[in-house]
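So the structure is just underneath, and the comments pick up after that.
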Amino acid sequence: MNKSFYNNSMWEGSNLKLSILVPTRDTVYSHFAYSLTQLYNTTREIGIDTYLFFDSSTILLNQRERLLEKARQVKSEYVLWLDSDMMFPSTTAIRLLNHNKDIIACNYMKRTNERKSVAYTDLNDWNSWLPMDIKDELVEVQGVGMGCMLMKMKVFDNLQKPYFEFTYKEDTQDFFGEDFNLQKKLRVENYKIYIDTLLSKDIKHIGTFAF
């Protein structure tokens with residue numbers, strides 16, 4: 001493990017509060033459970049005041065709104081969104097925090113036969129998905145799935161509820177998800193969304209396959 005994560009002055013004498021937010025159904029993958037346990041322990045060991053919140057229900061919009069409110073109640077400065085079908089290193093939260101960005105996420109592959117990622121440089125062009133190749137450590141995008149995303153709580157200060165909603169796109173006859181709609185609102189507030197391309201290489205999207 002890179003010692004610079006532990007020696008970073010960002011952690012010295014701070015009472016940094018982080019809430020890990022997980023929307024889920026009634027079950028989670030065992031690989032996710034293991035990854036989450038290691039991440040939680042590693043983050044707390046470094047001295048970060050870490051909270052973990054699950055919301056097990058069926059309507060994703062409600063889940064995200066409720067989870068965010070829980071983070072607000074404990075006065076978290078950061079939230080780390082994790083989907084329960086992800087695998088990630090124990091240092092994920094620390095590495096994302098280390099960038100000190102308002103919004104930073106990991107890219108990962110969709111669970112489809114068509115090999116595309118969940119990050120896009122242009123939300124008006126579904127062919128603008130970001131390859132997993134590493135060119136620069138940080139790449140700015142217009143939108144990315146929230147399966148592994150760190151945000152500063154302050155980004156919600158000027159937004160009106162509901163923060164999360166679905167909208168229909170007439171031109172492509174499909175829907176913008178709650179993740180892209182939120183990020184569209186944040187871009188209007190001049191927030192930028194970054195991808196950590198190095199960490200993204202270690203992020204896996206768990207799926208099922210019938211043999």
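Following the order of the structure tokens, chains are lettered A, B, ..., residues in each are numbered from 1, and ligands are numbered from 1.
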* Please report, as a PyMOL selection string, each residue of stretch 30-154 of chain A to which DSSP assigns strand (DSSP E or B) when run on this structure's backbone. => chain A and resi 49-56+78-82+86-87+103-105+109+117+119-120+129+138-141+143-144+148-152
Save out the residues we just selected, C-alpha atoms, as a PDB file, in the first residue's frame.
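Generated output (out03.pdb):
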```pdb
ATOM      1  CA  ASP A  49     -14.438   9.295  10.707  1.00  0.00           C
ATOM      2  CA  THR A  50     -16.309   6.845   8.483  1.00  0.00           C
ATOM      3  CA  TYR A  51     -20.004   6.019   8.460  1.00  0.00           C
ATOM      4  CA  LEU A  52     -21.756   3.319   6.467  1.00  0.00           C
ATOM      5  CA  PHE A  53     -25.379   3.539   5.361  1.00  0.00           C
ATOM      6  CA  PHE A  54     -27.438   1.029   3.382  1.00  0.00           C
ATOM      7  CA  ASP A  55     -30.911   1.564   1.978  1.00  0.00           C
ATOM      8  CA  SER A  56     -32.574  -1.702   1.006  1.00  0.00           C
ATOM      9  CA  TYR A  78     -17.816  13.683   1.752  1.00  0.00           C
ATOM     10  CA  VAL A  79     -20.022  10.889   0.479  1.00  0.00           C
ATOM     11  CA  LEU A  80     -18.786   7.812  -1.332  1.00  0.00           C
ATOM     12  CA  TRP A  81     -21.485   6.223  -3.472  1.00  0.00           C
ATOM     13  CA  LEU A  82     -20.997   2.492  -4.025  1.00  0.00           C
ATOM     14  CA  MET A  86     -18.977  -3.588  -7.508  1.00  0.00           C
ATOM     15  CA  MET A  87     -15.508  -4.824  -6.517  1.00  0.00           C
ATOM     16  CA  ILE A 103     -16.680  15.161  -7.756  1.00  0.00           C
ATOM     17  CA  ILE A 104     -14.469  12.254  -8.751  1.00  0.00           C
ATOM     18  CA  ALA A 105     -15.424   8.762  -9.812  1.00  0.00           C
ATOM     19  CA  MET A 109     -17.551  -1.572 -17.843  1.00  0.00           C
ATOM     20  CA  SER A 117     -17.904   1.845 -20.169  1.00  0.00           C
ATOM     21  CA  ALA A 119     -18.462   7.273 -18.504  1.00  0.00           C
ATOM     22  CA  TYR A 120     -19.258   9.714 -21.313  1.00  0.00           C
ATOM     23  CA  TRP A 129     -18.088   6.572 -23.896  1.00  0.00           C
ATOM     24  CA  LEU A 138      -7.610  12.419 -14.322  1.00  0.00           C
ATOM     25  CA  VAL A 139     -10.033  12.870 -17.209  1.00  0.00           C
ATOM     26  CA  GLU A 140     -13.012  15.224 -17.203  1.00  0.00           C
ATOM     27  CA  VAL A 141     -16.353  13.796 -18.354  1.00  0.00           C
ATOM     28  CA  GLY A 143     -21.398  11.992 -16.902  1.00  0.00           C
ATOM     29  CA  VAL A 144     -20.526   8.671 -15.300  1.00  0.00           C
ATOM     30  CA  CYS A 148     -18.051   4.300  -7.352  1.00  0.00           C
ATOM     31  CA  MET A 149     -18.192   8.064  -6.926  1.00  0.00           C
ATOM     32  CA  LEU A 150     -16.858  10.450  -4.270  1.00  0.00           C
ATOM     33  CA  MET A 151     -18.546  13.830  -3.802  1.00  0.00           C
ATOM     34  CA  LYS A 152     -18.152  16.746  -1.440  1.00  0.00           C
TER      35      LYS A 152
END
```
* Can you list, as a list in words, every protein, DNA or RNA residue that comes within 8 Å of A:Thr58 when you count only C-alpha atoms, leaving out same-chain residues fewer than 5 positions away? ->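 With the cut-off at 8 Å, the set is Thr24, Arg25 and Gln63 of chain A.
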Selected residues written out with N, CA and C atoms, as a tab-separated table (two decimals), in the first residue's frame:
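Saved to out-v2.tsv:
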```tsv
chain	number	residue	atom	x	y	z
A	24	THR	N	-29.37	-0.57	-2.35
A	24	THR	CA	-29.35	-1.98	-2.70
A	24	THR	C	-30.75	-2.57	-2.64
A	25	ARG	N	-30.87	-3.81	-3.07
A	25	ARG	CA	-32.12	-4.55	-2.89
A	25	ARG	C	-31.97	-5.37	-1.60
A	63	GLN	N	-34.11	5.89	-2.59
A	63	GLN	CA	-32.93	5.40	-1.88
A	63	GLN	C	-31.83	6.46	-1.83
```
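The space separating atom CA of A:Asp85 from atom CA of A:Ile206 comes to 5.1 Å.
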* Counting only C-alpha atoms, figure out which residue out of A:Asn107, A:Val22, A:Lys204, A:Asn41 gets nearest to A:Leu67. =>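 Closest to A:Leu67 of all the choices is A:Val22.
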* To do: List every residue of stretch 71-183 of chain A that DSSP, applied to the backbone of this structure, assigns to alpha helix (DSSP H), and report them as JSON, numbers by chain.
  => {"A": [71, 72, 73, 92, 93, 94, 95, 96, 97, 178, 179, 180, 181, 182, 183]}
* Structure fact -> Pairwise distance, atom CA of A:Ile48 with atom CA of A:Leu16, equals 5.5 Å
* To do: Using only C-alpha atoms, pick whichever of A:Leu96, A:Lys169, A:Phe176, A:Ala210 has the shortest atom-to-atom distance to A:Ile195.
  => A:Leu96
* Asked: Do you know which residues are at most 6 Å from stretch 156-168 of chain A counting only C-alpha atoms, after dropping those on the same chain fewer than 3 positions away, and could you put them as a ChimeraX atom specification?
  -> /A:61,174-178,182
Output the selection as a PDB file, in the first residue's frame - C-alpha atoms for each residue.
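New file again-v9.pdb:
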```
ATOM      1  CA  LEU A  61     -34.621   7.697  -6.503  1.00  0.00           C
ATOM      2  CA  ASP A 174     -34.641   6.390 -23.841  1.00  0.00           C
ATOM      3  CA  PHE A 175     -34.099   7.749 -20.346  1.00  0.00           C
ATOM      4  CA  PHE A 176     -31.457   9.767 -18.577  1.00  0.00           C
ATOM      5  CA  GLY A 177     -30.830   8.027 -15.264  1.00  0.00           C
ATOM      6  CA  GLU A 178     -30.769   9.749 -11.907  1.00  0.00           C
ATOM      7  CA  LEU A 182     -27.758  14.981 -11.063  1.00  0.00           C
TER       8      LEU A 182
END
```
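Nearest-residue note for A:Leu130: choosing from A:Ser200, A:Arg72, A:Val155, A:Ser30, the minimum distance belongs to A:Ser200, counting only C-alpha atoms.
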* Asked: Looking at only C-alpha atoms, which of A:Arg66, A:Ser90, A:Lys75, A:Leu21 is the one that sits closest to A:Leu36?
  ->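 Looking at the shortest contact to A:Leu36, the residue is A:Ser90.
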* To do: Tell me, as a PyMOL selection string, which residues lie within 12 Å of A:Thr91, counting only C-alpha atoms; anything in the same chain fewer than 2 positions away does not count.
  => chain A and resi 1-6+35-46+87-89+93-98+199+202-203
Can you write out the residues you just picked, keeping N, CA and C atoms, as a PDB file, in the first residue's frame?
```
ATOM      1  N   MET A   1       0.833  -1.190   0.000  1.00  0.00           N
ATOM      2  CA  MET A   1       0.000   0.000   0.000  1.00  0.00           C
ATOM      3  C   MET A   1       0.877   1.254   0.000  1.00  0.00           C
ATOM      4  N   ASN A   2       0.541   2.212  -0.808  1.00  0.00           N
ATOM      5  CA  ASN A   2       1.344   3.411  -0.948  1.00  0.00           C
ATOM      6  C   ASN A   2       1.314   4.224   0.344  1.00  0.00           C
ATOM      7  N   LYS A   3       2.493   4.413   0.970  1.00  0.00           N
ATOM      8  CA  LYS A   3       2.559   5.115   2.245  1.00  0.00           C
ATOM      9  C   LYS A   3       2.118   6.570   2.134  1.00  0.00           C
ATOM     10  N   SER A   4       2.202   7.157   0.909  1.00  0.00           N
ATOM     11  CA  SER A   4       1.810   8.559   0.751  1.00  0.00           C
ATOM     12  C   SER A   4       0.347   8.770   1.088  1.00  0.00           C
ATOM     13  N   PHE A   5      -0.478   7.733   0.967  1.00  0.00           N
ATOM     14  CA  PHE A   5      -1.883   7.852   1.345  1.00  0.00           C
ATOM     15  C   PHE A   5      -1.992   8.174   2.833  1.00  0.00           C
ATOM     16  N   TYR A   6      -1.107   7.557   3.621  1.00  0.00           N
ATOM     17  CA  TYR A   6      -1.151   7.748   5.057  1.00  0.00           C
ATOM     18  C   TYR A   6      -0.440   9.024   5.493  1.00  0.00           C
ATOM     19  N   SER A  35     -15.096  -6.510  -0.334  1.00  0.00           N
ATOM     20  CA  SER A  35     -14.446  -5.256  -0.731  1.00  0.00           C
ATOM     21  C   SER A  35     -14.844  -4.127   0.221  1.00  0.00           C
ATOM     22  N   LEU A  36     -16.121  -4.060   0.556  1.00  0.00           N
ATOM     23  CA  LEU A  36     -16.618  -2.999   1.431  1.00  0.00           C
ATOM     24  C   LEU A  36     -16.008  -3.089   2.822  1.00  0.00           C
ATOM     25  N   THR A  37     -15.913  -4.301   3.357  1.00  0.00           N
ATOM     26  CA  THR A  37     -15.322  -4.488   4.687  1.00  0.00           C
ATOM     27  C   THR A  37     -13.880  -4.009   4.711  1.00  0.00           C
ATOM     28  N   GLN A  38     -13.097  -4.373   3.695  1.00  0.00           N
ATOM     29  CA  GLN A  38     -11.702  -3.954   3.633  1.00  0.00           C
ATOM     30  C   GLN A  38     -11.579  -2.449   3.464  1.00  0.00           C
ATOM     31  N   LEU A  39     -12.423  -1.868   2.620  1.00  0.00           N
ATOM     32  CA  LEU A  39     -12.389  -0.411   2.416  1.00  0.00           C
ATOM     33  C   LEU A  39     -12.744   0.319   3.708  1.00  0.00           C
ATOM     34  N   TYR A  40     -13.793  -0.133   4.380  1.00  0.00           N
ATOM     35  CA  TYR A  40     -14.237   0.508   5.619  1.00  0.00           C
ATOM     36  C   TYR A  40     -13.131   0.467   6.669  1.00  0.00           C
ATOM     37  N   ASN A  41     -12.510  -0.695   6.844  1.00  0.00           N
ATOM     38  CA  ASN A  41     -11.450  -0.825   7.840  1.00  0.00           C
ATOM     39  C   ASN A  41     -10.242   0.047   7.496  1.00  0.00           C
ATOM     40  N   THR A  42      -9.833   0.034   6.241  1.00  0.00           N
ATOM     41  CA  THR A  42      -8.667   0.818   5.811  1.00  0.00           C
ATOM     42  C   THR A  42      -8.911   2.312   6.005  1.00  0.00           C
ATOM     43  N   THR A  43     -10.107   2.763   5.657  1.00  0.00           N
ATOM     44  CA  THR A  43     -10.421   4.188   5.765  1.00  0.00           C
ATOM     45  C   THR A  43     -10.454   4.631   7.221  1.00  0.00           C
ATOM     46  N   ARG A  44     -11.004   3.820   8.096  1.00  0.00           N
ATOM     47  CA  ARG A  44     -11.049   4.168   9.525  1.00  0.00           C
ATOM     48  C   ARG A  44      -9.656   4.109  10.151  1.00  0.00           C
ATOM     49  N   GLU A  45      -8.837   3.152   9.704  1.00  0.00           N
ATOM     50  CA  GLU A  45      -7.486   3.019  10.267  1.00  0.00           C
ATOM     51  C   GLU A  45      -6.640   4.263  10.021  1.00  0.00           C
ATOM     52  N   ILE A  46      -6.909   4.958   8.938  1.00  0.00           N
ATOM     53  CA  ILE A  46      -6.127   6.143   8.620  1.00  0.00           C
ATOM     54  C   ILE A  46      -6.570   7.351   9.446  1.00  0.00           C
ATOM     55  N   MET A  87     -16.704  -4.400  -7.248  1.00  0.00           N
ATOM     56  CA  MET A  87     -15.508  -4.824  -6.517  1.00  0.00           C
ATOM     57  C   MET A  87     -14.486  -3.704  -6.625  1.00  0.00           C
ATOM     58  N   PHE A  88     -13.725  -3.455  -5.541  1.00  0.00           N
ATOM     59  CA  PHE A  88     -12.820  -2.316  -5.515  1.00  0.00           C
ATOM     60  C   PHE A  88     -11.742  -2.546  -4.461  1.00  0.00           C
ATOM     61  N   PRO A  89     -10.587  -1.871  -4.608  1.00  0.00           N
ATOM     62  CA  PRO A  89      -9.502  -2.028  -3.628  1.00  0.00           C
ATOM     63  C   PRO A  89      -9.853  -1.390  -2.282  1.00  0.00           C
ATOM     64  N   ALA A  93     -11.395   4.698  -1.252  1.00  0.00           N
ATOM     65  CA  ALA A  93     -11.824   5.982  -0.687  1.00  0.00           C
ATOM     66  C   ALA A  93     -10.641   6.925  -0.504  1.00  0.00           C
ATOM     67  N   ILE A  94      -9.533   6.394   0.001  1.00  0.00           N
ATOM     68  CA  ILE A  94      -8.350   7.218   0.254  1.00  0.00           C
ATOM     69  C   ILE A  94      -7.797   7.782  -1.052  1.00  0.00           C
ATOM     70  N   ARG A  95      -7.735   6.956  -2.059  1.00  0.00           N
ATOM     71  CA  ARG A  95      -7.175   7.406  -3.345  1.00  0.00           C
ATOM     72  C   ARG A  95      -8.048   8.479  -3.981  1.00  0.00           C
ATOM     73  N   LEU A  96      -9.351   8.350  -3.860  1.00  0.00           N
ATOM     74  CA  LEU A  96     -10.243   9.369  -4.405  1.00  0.00           C
ATOM     75  C   LEU A  96     -10.169  10.651  -3.579  1.00  0.00           C
ATOM     76  N   LEU A  97     -10.130  10.525  -2.273  1.00  0.00           N
ATOM     77  CA  LEU A  97      -9.998  11.702  -1.409  1.00  0.00           C
ATOM     78  C   LEU A  97      -8.702  12.450  -1.680  1.00  0.00           C
ATOM     79  N   ASN A  98      -7.666  11.713  -2.007  1.00  0.00           N
ATOM     80  CA  ASN A  98      -6.344  12.287  -2.228  1.00  0.00           C
ATOM     81  C   ASN A  98      -6.332  13.324  -3.346  1.00  0.00           C
ATOM     82  N   LEU A 199      -7.168   4.265 -10.939  1.00  0.00           N
ATOM     83  CA  LEU A 199      -7.969   3.465 -10.015  1.00  0.00           C
ATOM     84  C   LEU A 199      -9.043   2.678 -10.762  1.00  0.00           C
ATOM     85  N   ASP A 202      -8.775  -0.968 -11.482  1.00  0.00           N
ATOM     86  CA  ASP A 202      -8.942  -1.946 -10.409  1.00  0.00           C
ATOM     87  C   ASP A 202     -10.402  -2.109  -9.989  1.00  0.00           C
ATOM     88  N   ILE A 203     -11.309  -1.466 -10.697  1.00  0.00           N
ATOM     89  CA  ILE A 203     -12.729  -1.535 -10.363  1.00  0.00           C
ATOM     90  C   ILE A 203     -13.414  -2.567 -11.255  1.00  0.00           C
TER      91      ILE A 203
END
```
